[in-house]
Each structure stands twice: as structure tokens, then as C-alpha cells.
Amino acid sequence: MSDLDVGGPSYIPNWEDSSPQSVKNRMEYTERALHRLGVTLDEKTVALEIGSGKGLFLKLLEEKGVQVVGVDAHPRGPREPTQMKGRVEDLRFADNTFDIVFSAGVFDADVYEQQDQQKMLQEIARVLRPGGLYAAYVEVFGVPIPENLKLMPGTTRRSLSPIYQKVA
Ligand SMILES: C[S@@+](CC[C@H](N)C(=O)[O-])C[C@H]1O[C@@H](n2cnc3c(N)ncnc32)[C@H](O)[C@@H]1O
């Protein structure tokens with residue numbers, strides 16, 4: 001069985017991981033965007049990163065004290081409890097678990113044909129608590145966003161980091 005066979009479609013292209021510097025830049029940009037919404041990442045924050053890859057962003061979140069877990073079909077960083085192997089289409093978490101979900105590079109156009117993005121977005125919405133946020137970095141969604149994820153004021157669907165809020 002291939003390392004990627006964790007259920008769902010097995011196709012995952014060869015991913016290019018972000019450099020440590022670009023992950024740092026992403027954190028700074030994301031924190032600024034969250035700050036504008038009055039949100040701070042700290043010890044009280046319960047977060048999930050989907051497509052966490054090498055786990056570099058997870059590490060930066062941990063350094064801020066955030067209670068964080070990553071899920072990737074092909075994790076290349078530290079394994080459980082920080083980073084779990086799994087598919088976004090079938091997240092093994094209860095409804096309403098997370099304050100915030102992060103992603104970067106998981107909805108790229110070249111996987112659009114191969115993955116059920118609708119299901120992936122529905123799963124993100126399911127595991128977010130009502131009022132929780134989804135920070136989607138440099139994403140192009142090829143499918144409509146679920147109705148219970150509302151784009152936050154000040155971000156646009158095509159911006160570098162659109163932020164969605166789960167409404168009940
Ligand atoms: C372009 S890489 C980005 C990795 C990391 N976020 C970064 O910025 O360096 C995309 C990651 O998403 C993961 N991925 C893509 N589709 C997935 C899915 N449906 N379920 C779980 N992981 C997925 C891949 O295995 C890969 O690690």
C-alpha cells in the first residue's frame with residue numbers, strides 16, 4: 001500500500017513545500033490579517049492546519065502556544081500528536097472542534113480535477129466551531145464555498161489570504 005493510501009482518491013501530485021522564510025512571511029501576513037479582525041493567536045487558540053506538509057507552520061503556531069494539530073495525506077514533518085496522516089475529505093475530528101483552520105497550497109488548480117474540493121470545504125466547516133475562522137492562504141477554489149462559511153469583511157475571495165467565518 002502506498003504511503004498516500006489513507007482513503008479517498010490516491011492521486012497527490014509532487015508537492016513543492018514552502019521555504020522556511022515564506023512560511024514565516026505567511027505567519028506574519030496571517031497574524032496581521034487576524035489582528036485586523038481582533039483575533040490573536042495564543043494558548044487559548046485551538047487550531048488545525050490541513051495540508052501541513054513539513055510542519056513548519058505548525059511549529060510556528062506551537063511557538064505561540066497555540067494548541068495545534070496538522071493533517072496531511074503525506075506528512076513530512078513530526079508525526080502524532082502534532083501532525084496526523086489523513087485526508088481533508090474525511091477529517092477525524094468531532095464537529096465544532098477548532099477556533100481556526102489554516103491551509104496553504106491545498107486547493108491548487110492542478111488538484112482541482114482530482115479531489116472533491118466541495119467535500120474538503122464542508123469538512124473544514126464541520127470541524128470549525130460556530131464563529132470560528134478559516135484562513136485560506138493563496139488559494140483558488142474551483143467550487144462554491146459552503147453557505148455556512150462567510151467571507152470576513154476586509155478580505156476578498158481572490159485576496160492573498162481570504163478569511164472565512166463559520167456561521168451557525
Ligand atoms: C503544496 S503542499 C503545501 C504544504 C505546506 N502547507 C506548505 O505551505 O509548505 C500541499 C499539501 O497538501 C497535502 N494535501 C493535498 N490534498 C490533500 C488532501 N485531500 N488531504 C490531505 N492532505 C492533502 C499534500 O500532501 C501536501 O503536503
# chains A, B, ... in the order shown; residues from 1 in each chain; ligands from 1
$ residues_around --residues "A:Arg36" --least-positions-apart "3" --cutoff "12 Å" --atoms "only C-alpha atoms" --output "JSON list (two decimals) with C-alpha atoms, in the first residue's frame"
[["chain", "number", "residue", "atom", "x", "y", "z"],
["A", 29, "TYR", "CA", 0.75, 38.17, 6.99],
["A", 30, "THR", "CA", -1.84, 35.90, 8.59],
["A", 31, "GLU", "CA", -1.35, 37.40, 12.04],
["A", 32, "ARG", "CA", -1.76, 40.91, 10.62],
["A", 33, "ALA", "CA", -4.96, 39.87, 8.85],
["A", 39, "VAL", "CA", -8.10, 37.86, 16.77],
["A", 40, "THR", "CA", -4.81, 36.91, 18.47],
["A", 152, "MET", "CA", -14.91, 38.26, 6.52],
["A", 153, "PRO", "CA", -15.14, 42.00, 5.81],
["A", 154, "GLY", "CA", -11.83, 43.37, 4.57],
["A", 155, "THR", "CA", -10.85, 40.17, 2.73],
["A", 163, "ILE", "CA", -10.61, 34.61, 5.82]]
$ closest_atom_pairs --of "chain A" --to "ligand 1" --cutoff "7 Å" --atoms "only C-alpha atoms and all ligand atoms" --output "tab-separated table"
residue	atom	partner	partner_atom_place_in_ligand_line	distance
A:Ile12	CA	ligand 1	15 (C)	6.4
A:Trp15	CA	ligand 1	1 (C)	4.7
A:Glu16	CA	ligand 1	1 (C)	5.2
A:Asp17	CA	ligand 1	9 (O)	3.7
A:Ser18	CA	ligand 1	9 (O)	3.7
A:Ser19	CA	ligand 1	9 (O)	6.9
A:Val23	CA	ligand 1	8 (O)	6.6
A:Ile50	CA	ligand 1	22 (N)	6.4
A:Gly51	CA	ligand 1	12 (O)	3.4
A:Ser52	CA	ligand 1	6 (N)	4.5
A:Gly53	CA	ligand 1	27 (O)	3.7
A:Lys54	CA	ligand 1	9 (O)	6.5
A:Val71	CA	ligand 1	21 (C)	6.3
A:Asp72	CA	ligand 1	22 (N)	3.8
A:Ala73	CA	ligand 1	21 (C)	3.9
A:His74	CA	ligand 1	25 (O)	4.5
A:Pro75	CA	ligand 1	27 (O)	6.2
A:Gly86	CA	ligand 1	21 (C)	5.7
A:Arg87	CA	ligand 1	20 (N)	3.4
A:Val88	CA	ligand 1	20 (N)	4.0
A:Glu89	CA	ligand 1	19 (N)	5.9
A:Ser103	CA	ligand 1	6 (N)	6.1
A:Ala104	CA	ligand 1	6 (N)	4.5
A:Gly105	CA	ligand 1	1 (C)	4.3
A:Val106	CA	ligand 1	12 (O)	4.5
A:Gln115	CA	ligand 1	19 (N)	6.4
A:Met120	CA	ligand 1	19 (N)	6.9
$ select_by_dssp --residues "stretch 8-147 of chain A" --states "alpha helix (DSSP H)" --output "short mmCIF file (atom, residue, chain, number, x, y, z; two decimals) with C-alpha atoms, in the first residue's frame"
data_model
loop_
_atom_site.label_atom_id
_atom_site.label_comp_id
_atom_site.auth_asym_id
_atom_site.auth_seq_id
_atom_site.Cartn_x
_atom_site.Cartn_y
_atom_site.Cartn_z
CA PRO A 20 11.08 28.42 5.91
CA GLN A 21 11.20 32.13 5.01
CA SER A 22 7.96 32.04 3.05
CA VAL A 23 6.28 30.14 5.92
CA LYS A 24 7.49 32.91 8.27
CA ASN A 25 6.13 35.53 5.89
CA ARG A 26 2.83 33.67 5.78
CA MET A 27 2.63 33.70 9.57
CA GLU A 28 3.30 37.45 9.69
CA TYR A 29 0.75 38.17 6.99
CA THR A 30 -1.84 35.90 8.59
CA GLU A 31 -1.35 37.40 12.04
CA ARG A 32 -1.76 40.91 10.62
CA ALA A 33 -4.96 39.87 8.85
CA LEU A 34 -6.28 38.23 12.03
CA HIS A 35 -5.26 41.22 14.12
CA ARG A 36 -7.42 43.44 11.91
CA LEU A 56 6.88 24.36 9.51
CA PHE A 57 3.76 26.47 10.00
CA LEU A 58 2.64 24.09 12.77
CA LYS A 59 5.93 24.72 14.55
CA LEU A 60 5.48 28.49 14.43
CA LEU A 61 1.96 28.09 15.83
CA GLU A 62 3.28 25.87 18.62
CA GLU A 63 5.88 28.51 19.48
CA ALA A 109 -5.63 24.29 -9.60
CA ASP A 110 -3.68 21.16 -10.50
CA VAL A 111 -5.52 19.10 -7.89
CA TYR A 112 -8.90 20.58 -8.71
CA GLN A 117 -12.96 20.22 -3.02
CA GLN A 118 -16.60 20.60 -2.07
CA LYS A 119 -16.28 17.79 0.45
CA MET A 120 -12.97 19.22 1.71
CA LEU A 121 -14.56 22.63 2.34
CA GLN A 122 -17.57 21.01 4.00
CA GLU A 123 -15.24 19.13 6.34
CA ILE A 124 -13.40 22.34 7.23
CA ALA A 125 -16.73 24.00 8.02
CA ARG A 126 -17.88 20.98 10.04
CA VAL A 127 -14.87 20.90 12.37
#
$ atom_distance --atom1 "atom CA of A:Asn148" --atom2 "atom CA of A:Gln114"
24.3 Å
$ select_by_dssp --residues "chain A" --states "strand (DSSP E)" --output "ChimeraX atom specification"
/A:46-50,67-72,83-85,98-104,128-137,149-151,163-166
